[in-house]
Every structure is written in C-alpha cells, then in structure tokens.
file model_35.cif (mmCIF, N, CA and C atoms, pLDDT in the B column; chains and numbers go by the auth columns)
data_query
loop_
_atom_site.group_PDB
_atom_site.id
_atom_site.type_symbol
_atom_site.label_atom_id
_atom_site.label_comp_id
_atom_site.label_asym_id
_atom_site.label_seq_id
_atom_site.Cartn_x
_atom_site.Cartn_y
_atom_site.Cartn_z
_atom_site.B_iso_or_equiv
_atom_site.auth_seq_id
_atom_site.auth_asym_id
ATOM 1 N N MET A 1 19.218 40.523 -41.422 46.00 1 A
ATOM 2 C CA MET A 1 18.356 40.890 -40.317 46.00 1 A
ATOM 3 C C MET A 1 19.091 40.621 -39.013 46.00 1 A
ATOM 4 N N SER A 2 19.031 41.560 -38.081 50.00 2 A
ATOM 5 C CA SER A 2 19.671 41.362 -36.781 50.00 2 A
ATOM 6 C C SER A 2 18.830 40.451 -35.911 50.00 2 A
ATOM 7 N N SER A 3 19.444 39.923 -34.843 52.00 3 A
ATOM 8 C CA SER A 3 18.743 38.992 -33.963 52.00 3 A
ATOM 9 C C SER A 3 17.613 39.674 -33.212 52.00 3 A
ATOM 10 N N GLU A 4 17.641 41.019 -33.113 75.00 4 A
ATOM 11 C CA GLU A 4 16.621 41.739 -32.358 75.00 4 A
ATOM 12 C C GLU A 4 15.434 42.163 -33.222 75.00 4 A
ATOM 13 N N GLU A 5 15.553 42.043 -34.527 91.00 5 A
ATOM 14 C CA GLU A 5 14.471 42.453 -35.411 91.00 5 A
ATOM 15 C C GLU A 5 13.305 41.488 -35.303 91.00 5 A
ATOM 16 N N VAL A 6 12.118 42.032 -35.089 95.00 6 A
ATOM 17 C CA VAL A 6 10.913 41.222 -34.928 95.00 6 A
ATOM 18 C C VAL A 6 10.198 41.136 -36.268 95.00 6 A
ATOM 19 N N LYS A 7 9.787 39.913 -36.646 96.00 7 A
ATOM 20 C CA LYS A 7 9.064 39.676 -37.899 96.00 7 A
ATOM 21 C C LYS A 7 7.835 38.842 -37.621 96.00 7 A
ATOM 22 N N LEU A 8 6.922 38.823 -38.563 96.00 8 A
ATOM 23 C CA LEU A 8 5.748 37.961 -38.483 96.00 8 A
ATOM 24 C C LEU A 8 6.145 36.539 -38.866 96.00 8 A
ATOM 25 N N LEU A 9 5.624 35.566 -38.158 96.00 9 A
ATOM 26 C CA LEU A 9 5.906 34.163 -38.468 96.00 9 A
ATOM 27 C C LEU A 9 5.500 33.838 -39.904 96.00 9 A
ATOM 28 N N SER A 10 4.451 34.445 -40.400 96.00 10 A
ATOM 29 C CA SER A 10 3.967 34.173 -41.756 96.00 10 A
ATOM 30 C C SER A 10 4.966 34.571 -42.841 96.00 10 A
ATOM 31 N N LEU A 11 5.995 35.358 -42.502 96.00 11 A
ATOM 32 C CA LEU A 11 6.989 35.809 -43.480 96.00 11 A
ATOM 33 C C LEU A 11 8.274 34.990 -43.472 96.00 11 A
ATOM 34 N N ILE A 12 8.392 34.031 -42.552 96.00 12 A
ATOM 35 C CA ILE A 12 9.621 33.255 -42.416 96.00 12 A
ATOM 36 C C ILE A 12 9.628 32.103 -43.411 96.00 12 A
ATOM 37 N N LYS A 13 10.752 31.920 -44.069 96.00 13 A
ATOM 38 C CA LYS A 13 10.879 30.862 -45.087 96.00 13 A
ATOM 39 C C LYS A 13 11.058 29.491 -44.441 96.00 13 A
ATOM 40 N N PRO A 14 10.646 28.432 -45.155 96.00 14 A
ATOM 41 C CA PRO A 14 10.814 27.066 -44.642 96.00 14 A
ATOM 42 C C PRO A 14 12.280 26.749 -44.355 96.00 14 A
ATOM 43 N N GLY A 15 12.505 25.952 -43.320 95.00 15 A
ATOM 44 C CA GLY A 15 13.850 25.546 -42.941 95.00 15 A
ATOM 45 C C GLY A 15 14.511 26.475 -41.934 95.00 15 A
ATOM 46 N N LYS A 16 13.905 27.613 -41.652 95.00 16 A
ATOM 47 C CA LYS A 16 14.480 28.582 -40.717 95.00 16 A
ATOM 48 C C LYS A 16 13.985 28.316 -39.296 95.00 16 A
ATOM 49 N N ASN A 17 14.866 28.543 -38.328 96.00 17 A
ATOM 50 C CA ASN A 17 14.517 28.459 -36.917 96.00 17 A
ATOM 51 C C ASN A 17 14.441 29.870 -36.355 96.00 17 A
ATOM 52 N N VAL A 18 13.377 30.130 -35.606 97.00 18 A
ATOM 53 C CA VAL A 18 13.162 31.441 -34.998 97.00 18 A
ATOM 54 C C VAL A 18 12.763 31.258 -33.541 97.00 18 A
ATOM 55 N N ARG A 19 12.792 32.370 -32.807 96.00 19 A
ATOM 56 C CA ARG A 19 12.404 32.338 -31.405 96.00 19 A
ATOM 57 C C ARG A 19 11.099 33.125 -31.239 96.00 19 A
ATOM 58 N N PHE A 20 10.138 32.514 -30.539 95.00 20 A
ATOM 59 C CA PHE A 20 8.834 33.134 -30.302 95.00 20 A
ATOM 60 C C PHE A 20 8.991 34.337 -29.377 95.00 20 A
ATOM 61 N N VAL A 21 8.366 35.466 -29.757 94.00 21 A
ATOM 62 C CA VAL A 21 8.424 36.689 -28.954 94.00 21 A
ATOM 63 C C VAL A 21 7.071 36.979 -28.312 94.00 21 A
ATOM 64 N N SER A 22 6.023 37.132 -29.137 93.00 22 A
ATOM 65 C CA SER A 22 4.707 37.470 -28.590 93.00 22 A
ATOM 66 C C SER A 22 3.608 37.238 -29.626 93.00 22 A
ATOM 67 N N ILE A 23 2.384 37.460 -29.173 92.00 23 A
ATOM 68 C CA ILE A 23 1.189 37.300 -30.008 92.00 23 A
ATOM 69 C C ILE A 23 0.472 38.641 -30.028 92.00 23 A
ATOM 70 N N THR A 24 0.067 39.091 -31.207 92.00 24 A
ATOM 71 C CA THR A 24 -0.632 40.368 -31.305 92.00 24 A
ATOM 72 C C THR A 24 -2.143 40.196 -31.255 92.00 24 A
ATOM 73 N N GLY A 25 -2.641 38.972 -31.158 85.00 25 A
ATOM 74 C CA GLY A 25 -4.076 38.716 -31.133 85.00 25 A
ATOM 75 C C GLY A 25 -4.677 38.892 -29.753 85.00 25 A
ATOM 76 N N GLY A 26 -5.951 38.607 -29.652 89.00 26 A
ATOM 77 C CA GLY A 26 -6.680 38.756 -28.407 89.00 26 A
ATOM 78 C C GLY A 26 -6.401 37.649 -27.400 89.00 26 A
ATOM 79 N N ALA A 27 -7.113 37.718 -26.280 92.00 27 A
ATOM 80 C CA ALA A 27 -6.909 36.790 -25.166 92.00 27 A
ATOM 81 C C ALA A 27 -7.184 35.339 -25.571 92.00 27 A
ATOM 82 N N PHE A 28 -8.196 35.094 -26.392 92.00 28 A
ATOM 83 C CA PHE A 28 -8.519 33.724 -26.807 92.00 28 A
ATOM 84 C C PHE A 28 -7.373 33.128 -27.605 92.00 28 A
ATOM 85 N N LEU A 29 -6.854 33.873 -28.570 90.00 29 A
ATOM 86 C CA LEU A 29 -5.748 33.387 -29.395 90.00 29 A
ATOM 87 C C LEU A 29 -4.506 33.166 -28.533 90.00 29 A
ATOM 88 N N GLN A 30 -4.214 34.098 -27.639 90.00 30 A
ATOM 89 C CA GLN A 30 -3.056 33.950 -26.764 90.00 30 A
ATOM 90 C C GLN A 30 -3.169 32.687 -25.920 90.00 30 A
ATOM 91 N N SER A 31 -4.336 32.448 -25.356 91.00 31 A
ATOM 92 C CA SER A 31 -4.545 31.263 -24.529 91.00 31 A
ATOM 93 C C SER A 31 -4.400 29.989 -25.355 91.00 31 A
ATOM 94 N N ARG A 32 -4.974 29.990 -26.541 89.00 32 A
ATOM 95 C CA ARG A 32 -4.915 28.808 -27.410 89.00 32 A
ATOM 96 C C ARG A 32 -3.476 28.483 -27.794 89.00 32 A
ATOM 97 N N LEU A 33 -2.714 29.495 -28.194 87.00 33 A
ATOM 98 C CA LEU A 33 -1.328 29.265 -28.601 87.00 33 A
ATOM 99 C C LEU A 33 -0.457 28.862 -27.411 87.00 33 A
ATOM 100 N N MET A 34 -0.687 29.446 -26.251 87.00 34 A
ATOM 101 C CA MET A 34 0.077 29.062 -25.066 87.00 34 A
ATOM 102 C C MET A 34 -0.170 27.597 -24.717 87.00 34 A
ATOM 103 N N SER A 35 -1.394 27.127 -24.904 88.00 35 A
ATOM 104 C CA SER A 35 -1.694 25.719 -24.626 88.00 35 A
ATOM 105 C C SER A 35 -1.021 24.785 -25.621 88.00 35 A
ATOM 106 N N MET A 36 -0.610 25.323 -26.788 84.00 36 A
ATOM 107 C CA MET A 36 0.103 24.539 -27.794 84.00 36 A
ATOM 108 C C MET A 36 1.616 24.603 -27.606 84.00 36 A
ATOM 109 N N GLY A 37 2.088 25.293 -26.569 83.00 37 A
ATOM 110 C CA GLY A 37 3.520 25.344 -26.297 83.00 37 A
ATOM 111 C C GLY A 37 4.206 26.637 -26.680 83.00 37 A
ATOM 112 N N PHE A 38 3.462 27.643 -27.084 86.00 38 A
ATOM 113 C CA PHE A 38 4.053 28.927 -27.445 86.00 38 A
ATOM 114 C C PHE A 38 4.290 29.743 -26.185 86.00 38 A
ATOM 115 N N LEU A 39 5.495 29.655 -25.669 88.00 39 A
ATOM 116 C CA LEU A 39 5.905 30.460 -24.526 88.00 39 A
ATOM 117 C C LEU A 39 7.057 31.332 -24.975 88.00 39 A
ATOM 118 N N GLN A 40 7.209 32.501 -24.369 89.00 40 A
ATOM 119 C CA GLN A 40 8.257 33.427 -24.785 89.00 40 A
ATOM 120 C C GLN A 40 9.613 32.726 -24.772 89.00 40 A
ATOM 121 N N GLY A 41 10.333 32.849 -25.879 91.00 41 A
ATOM 122 C CA GLY A 41 11.647 32.246 -26.011 91.00 41 A
ATOM 123 C C GLY A 41 11.649 30.861 -26.640 91.00 41 A
ATOM 124 N N THR A 42 10.484 30.277 -26.872 92.00 42 A
ATOM 125 C CA THR A 42 10.388 28.943 -27.476 92.00 42 A
ATOM 126 C C THR A 42 10.915 28.964 -28.909 92.00 42 A
ATOM 127 N N THR A 43 11.681 27.930 -29.274 95.00 43 A
ATOM 128 C CA THR A 43 12.208 27.804 -30.634 95.00 43 A
ATOM 129 C C THR A 43 11.137 27.208 -31.547 95.00 43 A
ATOM 130 N N ILE A 44 10.986 27.809 -32.714 95.00 44 A
ATOM 131 C CA ILE A 44 10.018 27.371 -33.722 95.00 44 A
ATOM 132 C C ILE A 44 10.783 27.111 -35.014 95.00 44 A
ATOM 133 N N GLU A 45 10.549 25.954 -35.622 96.00 45 A
ATOM 134 C CA GLU A 45 11.106 25.673 -36.948 96.00 45 A
ATOM 135 C C GLU A 45 9.976 25.758 -37.961 96.00 45 A
ATOM 136 N N VAL A 46 10.169 26.542 -39.013 97.00 46 A
ATOM 137 C CA VAL A 46 9.176 26.637 -40.080 97.00 46 A
ATOM 138 C C VAL A 46 9.420 25.477 -41.033 97.00 46 A
ATOM 139 N N VAL A 47 8.456 24.577 -41.126 97.00 47 A
ATOM 140 C CA VAL A 47 8.571 23.388 -41.967 97.00 47 A
ATOM 141 C C VAL A 47 8.074 23.680 -43.377 97.00 47 A
ATOM 142 N N LYS A 48 6.912 24.357 -43.482 97.00 48 A
ATOM 143 C CA LYS A 48 6.342 24.669 -44.795 97.00 48 A
ATOM 144 C C LYS A 48 5.654 26.024 -44.723 97.00 48 A
ATOM 145 N N ASN A 49 5.975 26.862 -45.697 97.00 49 A
ATOM 146 C CA ASN A 49 5.333 28.169 -45.812 97.00 49 A
ATOM 147 C C ASN A 49 5.435 28.592 -47.268 97.00 49 A
ATOM 148 N N SER A 50 4.364 28.385 -47.992 93.00 50 A
ATOM 149 C CA SER A 50 4.371 28.680 -49.427 93.00 50 A
ATOM 150 C C SER A 50 4.007 30.132 -49.739 93.00 50 A
ATOM 151 N N GLY A 51 3.714 30.931 -48.719 88.00 51 A
ATOM 152 C CA GLY A 51 3.323 32.313 -48.959 88.00 51 A
ATOM 153 C C GLY A 51 1.823 32.499 -49.008 88.00 51 A
ATOM 154 N N ARG A 52 1.106 31.408 -49.030 90.00 52 A
ATOM 155 C CA ARG A 52 -0.364 31.443 -48.949 90.00 52 A
ATOM 156 C C ARG A 52 -0.820 30.125 -48.331 90.00 52 A
ATOM 157 N N GLY A 53 -1.997 30.108 -47.792 93.00 53 A
ATOM 158 C CA GLY A 53 -2.485 28.912 -47.119 93.00 53 A
ATOM 159 C C GLY A 53 -1.819 28.723 -45.767 93.00 53 A
ATOM 160 N N PRO A 54 -1.983 27.557 -45.173 96.00 54 A
ATOM 161 C CA PRO A 54 -1.465 27.324 -43.825 96.00 54 A
ATOM 162 C C PRO A 54 0.057 27.280 -43.756 96.00 54 A
ATOM 163 N N VAL A 55 0.559 27.522 -42.537 97.00 55 A
ATOM 164 C CA VAL A 55 1.987 27.457 -42.241 97.00 55 A
ATOM 165 C C VAL A 55 2.193 26.244 -41.338 97.00 55 A
ATOM 166 N N ILE A 56 3.116 25.359 -41.703 97.00 56 A
ATOM 167 C CA ILE A 56 3.407 24.179 -40.886 97.00 56 A
ATOM 168 C C ILE A 56 4.701 24.462 -40.127 97.00 56 A
ATOM 169 N N ILE A 57 4.629 24.278 -38.800 97.00 57 A
ATOM 170 C CA ILE A 57 5.785 24.550 -37.957 97.00 57 A
ATOM 171 C C ILE A 57 6.056 23.367 -37.041 97.00 57 A
ATOM 172 N N SER A 58 7.234 23.361 -36.453 95.00 58 A
ATOM 173 C CA SER A 58 7.590 22.360 -35.447 95.00 58 A
ATOM 174 C C SER A 58 7.921 23.117 -34.161 95.00 58 A
ATOM 175 N N VAL A 59 7.206 22.750 -33.077 92.00 59 A
ATOM 176 C CA VAL A 59 7.407 23.364 -31.769 92.00 59 A
ATOM 177 C C VAL A 59 7.565 22.255 -30.749 92.00 59 A
ATOM 178 N N LYS A 60 8.691 22.238 -30.055 87.00 60 A
ATOM 179 C CA LYS A 60 8.940 21.249 -29.000 87.00 60 A
ATOM 180 C C LYS A 60 8.702 19.820 -29.485 87.00 60 A
ATOM 181 N N GLY A 61 9.130 19.519 -30.718 89.00 61 A
ATOM 182 C CA GLY A 61 9.028 18.174 -31.259 89.00 61 A
ATOM 183 C C GLY A 61 7.681 17.815 -31.863 89.00 61 A
ATOM 184 N N SER A 62 6.727 18.732 -31.840 91.00 62 A
ATOM 185 C CA SER A 62 5.408 18.485 -32.427 91.00 62 A
ATOM 186 C C SER A 62 5.200 19.369 -33.640 91.00 62 A
ATOM 187 N N ARG A 63 4.596 18.822 -34.668 94.00 63 A
ATOM 188 C CA ARG A 63 4.262 19.612 -35.854 94.00 63 A
ATOM 189 C C ARG A 63 2.865 20.191 -35.679 94.00 63 A
ATOM 190 N N LEU A 64 2.748 21.462 -36.007 94.00 64 A
ATOM 191 C CA LEU A 64 1.473 22.165 -35.909 94.00 64 A
ATOM 192 C C LEU A 64 1.165 22.840 -37.230 94.00 64 A
ATOM 193 N N VAL A 65 -0.108 22.892 -37.572 95.00 65 A
ATOM 194 C CA VAL A 65 -0.557 23.595 -38.767 95.00 65 A
ATOM 195 C C VAL A 65 -1.323 24.831 -38.299 95.00 65 A
ATOM 196 N N LEU A 66 -0.832 25.985 -38.709 94.00 66 A
ATOM 197 C CA LEU A 66 -1.466 27.248 -38.332 94.00 66 A
ATOM 198 C C LEU A 66 -2.076 27.891 -39.563 94.00 66 A
ATOM 199 N N GLY A 67 -3.274 28.413 -39.405 94.00 67 A
ATOM 200 C CA GLY A 67 -3.868 29.193 -40.482 94.00 67 A
ATOM 201 C C GLY A 67 -3.044 30.441 -40.718 94.00 67 A
ATOM 202 N N ARG A 68 -3.073 30.952 -41.937 95.00 68 A
ATOM 203 C CA ARG A 68 -2.268 32.126 -42.271 95.00 68 A
ATOM 204 C C ARG A 68 -2.605 33.305 -41.365 95.00 68 A
ATOM 205 N N GLY A 69 -3.871 33.518 -41.054 93.00 69 A
ATOM 206 C CA GLY A 69 -4.261 34.626 -40.185 93.00 69 A
ATOM 207 C C GLY A 69 -3.640 34.508 -38.803 93.00 69 A
ATOM 208 N N MET A 70 -3.588 33.290 -38.288 93.00 70 A
ATOM 209 C CA MET A 70 -2.971 33.060 -36.984 93.00 70 A
ATOM 210 C C MET A 70 -1.469 33.315 -37.064 93.00 70 A
ATOM 211 N N ALA A 71 -0.823 32.828 -38.115 95.00 71 A
ATOM 212 C CA ALA A 71 0.622 33.007 -38.283 95.00 71 A
ATOM 213 C C ALA A 71 0.994 34.483 -38.426 95.00 71 A
ATOM 214 N N GLN A 72 0.060 35.297 -38.917 95.00 72 A
ATOM 215 C CA GLN A 72 0.321 36.726 -39.079 95.00 72 A
ATOM 216 C C GLN A 72 0.225 37.486 -37.763 95.00 72 A
ATOM 217 N N LYS A 73 -0.185 36.826 -36.711 94.00 73 A
ATOM 218 C CA LYS A 73 -0.286 37.464 -35.395 94.00 73 A
ATOM 219 C C LYS A 73 0.801 36.994 -34.436 94.00 73 A
ATOM 220 N N ILE A 74 1.728 36.165 -34.931 95.00 74 A
ATOM 221 C CA ILE A 74 2.811 35.638 -34.102 95.00 74 A
ATOM 222 C C ILE A 74 4.100 36.359 -34.472 95.00 74 A
ATOM 223 N N LEU A 75 4.724 36.990 -33.473 96.00 75 A
ATOM 224 C CA LEU A 75 5.966 37.726 -33.688 96.00 75 A
ATOM 225 C C LEU A 75 7.150 36.872 -33.256 96.00 75 A
ATOM 226 N N VAL A 76 8.195 36.861 -34.082 97.00 76 A
ATOM 227 C CA VAL A 76 9.382 36.043 -33.830 97.00 76 A
ATOM 228 C C VAL A 76 10.643 36.851 -34.119 97.00 76 A
ATOM 229 N N THR A 77 11.798 36.347 -33.621 96.00 77 A
ATOM 230 C CA THR A 77 13.099 36.908 -33.960 96.00 77 A
ATOM 231 C C THR A 77 13.981 35.770 -34.433 96.00 77 A
ATOM 232 N N TRP A 78 15.053 36.108 -35.163 89.00 78 A
ATOM 233 C CA TRP A 78 16.015 35.117 -35.617 89.00 78 A
ATOM 234 C C TRP A 78 16.777 34.545 -34.431 89.00 78 A
ATOM 235 N N ILE A 79 17.225 33.324 -34.579 87.00 79 A
ATOM 236 C CA ILE A 79 18.123 32.694 -33.607 87.00 79 A
ATOM 237 C C ILE A 79 19.518 32.822 -34.180 87.00 79 A
ATOM 238 N N GLU A 80 20.443 33.341 -33.384 72.00 80 A
ATOM 239 C CA GLU A 80 21.833 33.456 -33.828 72.00 80 A
ATOM 240 C C GLU A 80 22.445 32.065 -33.949 72.00 80 A
ATOM 241 N N PRO A 81 23.171 31.781 -35.039 65.00 81 A
ATOM 242 C CA PRO A 81 23.787 30.459 -35.206 65.00 81 A
ATOM 243 C C PRO A 81 24.916 30.233 -34.221 65.00 81 A
#

call {"tool": "encode", "arguments": {"input": "model_35.cif", "output": "structure tokens"}}
result
Amino acid sequence: MSSEEVKLLSLIKPGKNVRFVSITGGAFLQSRLMSMGFLQGTTIEVVKNSGRGPVIISVKGSRLVLGRGMAQKILVTWIEP
C-alpha cells in the first residue's frame, strides 16, 4: 500500500502506526474524536484489533478504546518508515 492510500482504521492490524486523515461521521462524532486528540496528521498506533469488537489504539500517549462502528468512520494513511 502506498503512503497516499486511505484505509479505514478498523482494517489496520495491531502493531501498525498510521496517520489520521479524516472522519466520515457526522458533526457529533467529529467533535467527540477531536476532543480525544484526533487532529489531521496525528499518529495513531493500533494496539489491538481482532477484526470484531472494539479497537484499542494509542494516540498522543493515551490508550483509547473505540467501538467498531466508530473505527469504521476514521480514515488513515500509512506512515512511511
């Protein structure tokens, strides 16, 4: 996958670092995620993602648990090593 390819956060495997691009949800979801530190360009580490249930991520040194539906509305790109 190229660095410009956009994927859903819910599809990223554990241990991978990605960069936050945008949110496809409504204004409430956007506001909620922004208050949790999701700003364009923010680095996200996927800690746990079993393919179902919640996704555990690390953002700015804090661990967050996102419901699968929420994770499916977050768009990310790969970070070049």

call {"tool": "select_by_dssp", "arguments": {"input": "model_35.cif", "residues": "chain A", "states": "strand (DSSP E)", "output": "MDAnalysis selection string"}}
result
chainID A and resid 7:8 17:23 43:48 55:59 62:66 74:78

call {"tool": "closest_residue", "arguments": {"input": "model_35.cif", "among": "A:Leu75, A:Gly37, A:Leu8, A:Glu80", "to": "Arg63 (chain A)", "atoms": "only C-alpha atoms"}}
result
A:Gly37

call {"tool": "residues_around", "arguments": {"input": "model_35.cif", "residues": "Ser62 (chain A)", "least_positions_apart": "4", "cutoff": "10 Å", "atoms": "only C-alpha atoms", "output": "VMD selection string"}}
result
chain A and resid 36 to 37 57 to 58

call {"tool": "resolve_selection", "arguments": {"input": "model_35.cif", "expression": "the PyMOL selection byres (((chain A and resi 40-43 and name CA) around 8) and name CA)", "output": "list in words"}}
result
Asn17, Val18, Arg19, Phe20, Val21, Ser22, Gly37, Phe38, Leu39, Ile44, Glu45, Val59 and Lys60 of chain A

call {"tool": "closest_residue", "arguments": {"input": "model_35.cif", "among": "A:Ile74, A:Leu33, A:Leu66, A:Ile79", "to": "Pro54 (chain A)", "atoms": "only C-alpha atoms"}}
result
A:Leu66

call {"tool": "atom_distance", "arguments": {"input": "model_35.cif", "atom1": "atom N of Lys13 (chain A)", "atom2": "atom C of Gly53 (chain A)"}}
result
13.1 Å

call {"tool": "residues_near_point", "arguments": {"input": "model_35.cif", "point": "(8.7, 38.8, -40.2)", "cutoff": "8 Å", "atoms": "all atoms listed in the file", "output": "JSON, numbers by chain"}}
result
{"A": [5, 6, 7, 8, 9, 10, 11, 12, 74, 75, 76, 77]}

call {"tool": "resolve_selection", "arguments": {"input": "model_35.cif", "expression": "the PyMOL selection byres ((chain A and resi 14) around 6)", "output": "list in words"}}
result
Ile12, Lys13, Gly15, Lys16, Val46, Val47, Lys48 and Asn49 of chain A

call {"tool": "write_last_selection", "arguments": {"input": "model_35.cif", "atoms": "N, CA and C atoms", "output": "PDB file, in the coordinates of the input"}}
result
ATOM      1  N   ILE A  12       8.392  34.031 -42.552  1.00 96.00           N
ATOM      2  CA  ILE A  12       9.621  33.255 -42.416  1.00 96.00           C
ATOM      3  C   ILE A  12       9.628  32.103 -43.411  1.00 96.00           C
ATOM      4  N   LYS A  13      10.752  31.920 -44.069  1.00 96.00           N
ATOM      5  CA  LYS A  13      10.879  30.862 -45.087  1.00 96.00           C
ATOM      6  C   LYS A  13      11.058  29.491 -44.441  1.00 96.00           C
ATOM      7  N   GLY A  15      12.505  25.952 -43.320  1.00 95.00           N
ATOM      8  CA  GLY A  15      13.850  25.546 -42.941  1.00 95.00           C
ATOM      9  C   GLY A  15      14.511  26.475 -41.934  1.00 95.00           C
ATOM     10  N   LYS A  16      13.905  27.613 -41.652  1.00 95.00           N
ATOM     11  CA  LYS A  16      14.480  28.582 -40.717  1.00 95.00           C
ATOM     12  C   LYS A  16      13.985  28.316 -39.296  1.00 95.00           C
ATOM     13  N   VAL A  46      10.169  26.542 -39.013  1.00 97.00           N
ATOM     14  CA  VAL A  46       9.176  26.637 -40.080  1.00 97.00           C
ATOM     15  C   VAL A  46       9.420  25.477 -41.033  1.00 97.00           C
ATOM     16  N   VAL A  47       8.456  24.577 -41.126  1.00 97.00           N
ATOM     17  CA  VAL A  47       8.571  23.388 -41.967  1.00 97.00           C
ATOM     18  C   VAL A  47       8.074  23.680 -43.377  1.00 97.00           C
ATOM     19  N   LYS A  48       6.912  24.357 -43.482  1.00 97.00           N
ATOM     20  CA  LYS A  48       6.342  24.669 -44.795  1.00 97.00           C
ATOM     21  C   LYS A  48       5.654  26.024 -44.723  1.00 97.00           C
ATOM     22  N   ASN A  49       5.975  26.862 -45.697  1.00 97.00           N
ATOM     23  CA  ASN A  49       5.333  28.169 -45.812  1.00 97.00           C
ATOM     24  C   ASN A  49       5.435  28.592 -47.268  1.00 97.00           C
TER      25      ASN A  49
END

call {"tool": "atom_distance", "arguments": {"input": "model_35.cif", "atom1": "CA of Lys73 (chain A)", "atom2": "CA of Gly61 (chain A)"}}
result
21.8 Å

call {"tool": "select_by_dssp", "arguments": {"input": "model_35.cif", "residues": "chain A", "states": "alpha helix (DSSP H)", "output": "ChimeraX atom specification"}}
result
/A:27-35,68-71

call {"tool": "decode", "arguments": {"input": "model_35.cif", "residues": "region 47-64 of chain A", "atoms": "N, CA and C atoms", "output": "mmCIF file, in the first residue's frame"}}
result
data_model
loop_
_atom_site.group_PDB
_atom_site.id
_atom_site.type_symbol
_atom_site.label_atom_id
_atom_site.label_comp_id
_atom_site.auth_asym_id
_atom_site.auth_seq_id
_atom_site.Cartn_x
_atom_site.Cartn_y
_atom_site.Cartn_z
ATOM 1 N N VAL A 47 -3.208 -0.887 18.807
ATOM 2 C CA VAL A 47 -2.731 -1.789 19.853
ATOM 3 C C VAL A 47 -3.414 -3.146 19.741
ATOM 4 N N LYS A 48 -4.748 -3.139 19.543
ATOM 5 C CA LYS A 48 -5.498 -4.393 19.442
ATOM 6 C C LYS A 48 -6.629 -4.211 18.441
ATOM 7 N N ASN A 49 -6.721 -5.164 17.526
ATOM 8 C CA ASN A 49 -7.807 -5.173 16.550
ATOM 9 C C ASN A 49 -7.987 -6.611 16.093
ATOM 10 N N SER A 50 -8.961 -7.268 16.670
ATOM 11 C CA SER A 50 -9.181 -8.685 16.369
ATOM 12 C C SER A 50 -10.079 -8.903 15.151
ATOM 13 N N GLY A 51 -10.562 -7.829 14.536
ATOM 14 C CA GLY A 51 -11.453 -7.977 13.394
ATOM 15 C C GLY A 51 -12.915 -7.914 13.778
ATOM 16 N N ARG A 52 -13.178 -7.937 15.057
ATOM 17 C CA ARG A 52 -14.545 -7.753 15.572
ATOM 18 C C ARG A 52 -14.431 -7.168 16.976
ATOM 19 N N GLY A 53 -15.470 -6.550 17.439
ATOM 20 C CA GLY A 53 -15.425 -5.902 18.742
ATOM 21 C C GLY A 53 -14.628 -4.609 18.695
ATOM 22 N N PRO A 54 -14.302 -4.061 19.848
ATOM 23 C CA PRO A 54 -13.627 -2.764 19.896
ATOM 24 C C PRO A 54 -12.196 -2.802 19.373
ATOM 25 N N VAL A 55 -11.721 -1.611 18.983
ATOM 26 C CA VAL A 55 -10.351 -1.418 18.519
ATOM 27 C C VAL A 55 -9.640 -0.588 19.584
ATOM 28 N N ILE A 56 -8.488 -1.057 20.055
ATOM 29 C CA ILE A 56 -7.716 -0.318 21.057
ATOM 30 C C ILE A 56 -6.561 0.362 20.327
ATOM 31 N N ILE A 57 -6.451 1.681 20.548
ATOM 32 C CA ILE A 57 -5.413 2.454 19.881
ATOM 33 C C ILE A 57 -4.651 3.293 20.895
ATOM 34 N N SER A 58 -3.510 3.797 20.473
ATOM 35 C CA SER A 58 -2.730 4.728 21.288
ATOM 36 C C SER A 58 -2.597 6.022 20.485
ATOM 37 N N VAL A 59 -3.036 7.135 21.111
ATOM 38 C CA VAL A 59 -2.970 8.453 20.490
ATOM 39 C C VAL A 59 -2.331 9.407 21.478
ATOM 40 N N LYS A 60 -1.226 10.020 21.088
ATOM 41 C CA LYS A 60 -0.545 11.008 21.932
ATOM 42 C C LYS A 60 -0.277 10.474 23.338
ATOM 43 N N GLY A 61 0.130 9.201 23.437
ATOM 44 C CA GLY A 61 0.488 8.607 24.713
ATOM 45 C C GLY A 61 -0.675 8.081 25.536
ATOM 46 N N SER A 62 -1.895 8.212 25.041
ATOM 47 C CA SER A 62 -3.073 7.706 25.750
ATOM 48 C C SER A 62 -3.691 6.554 24.984
ATOM 49 N N ARG A 63 -4.132 5.546 25.699
ATOM 50 C CA ARG A 63 -4.829 4.424 25.068
ATOM 51 C C ARG A 63 -6.322 4.721 25.053
ATOM 52 N N LEU A 64 -6.927 4.462 23.911
ATOM 53 C CA LEU A 64 -8.358 4.681 23.734
ATOM 54 C C LEU A 64 -9.000 3.417 23.198
#
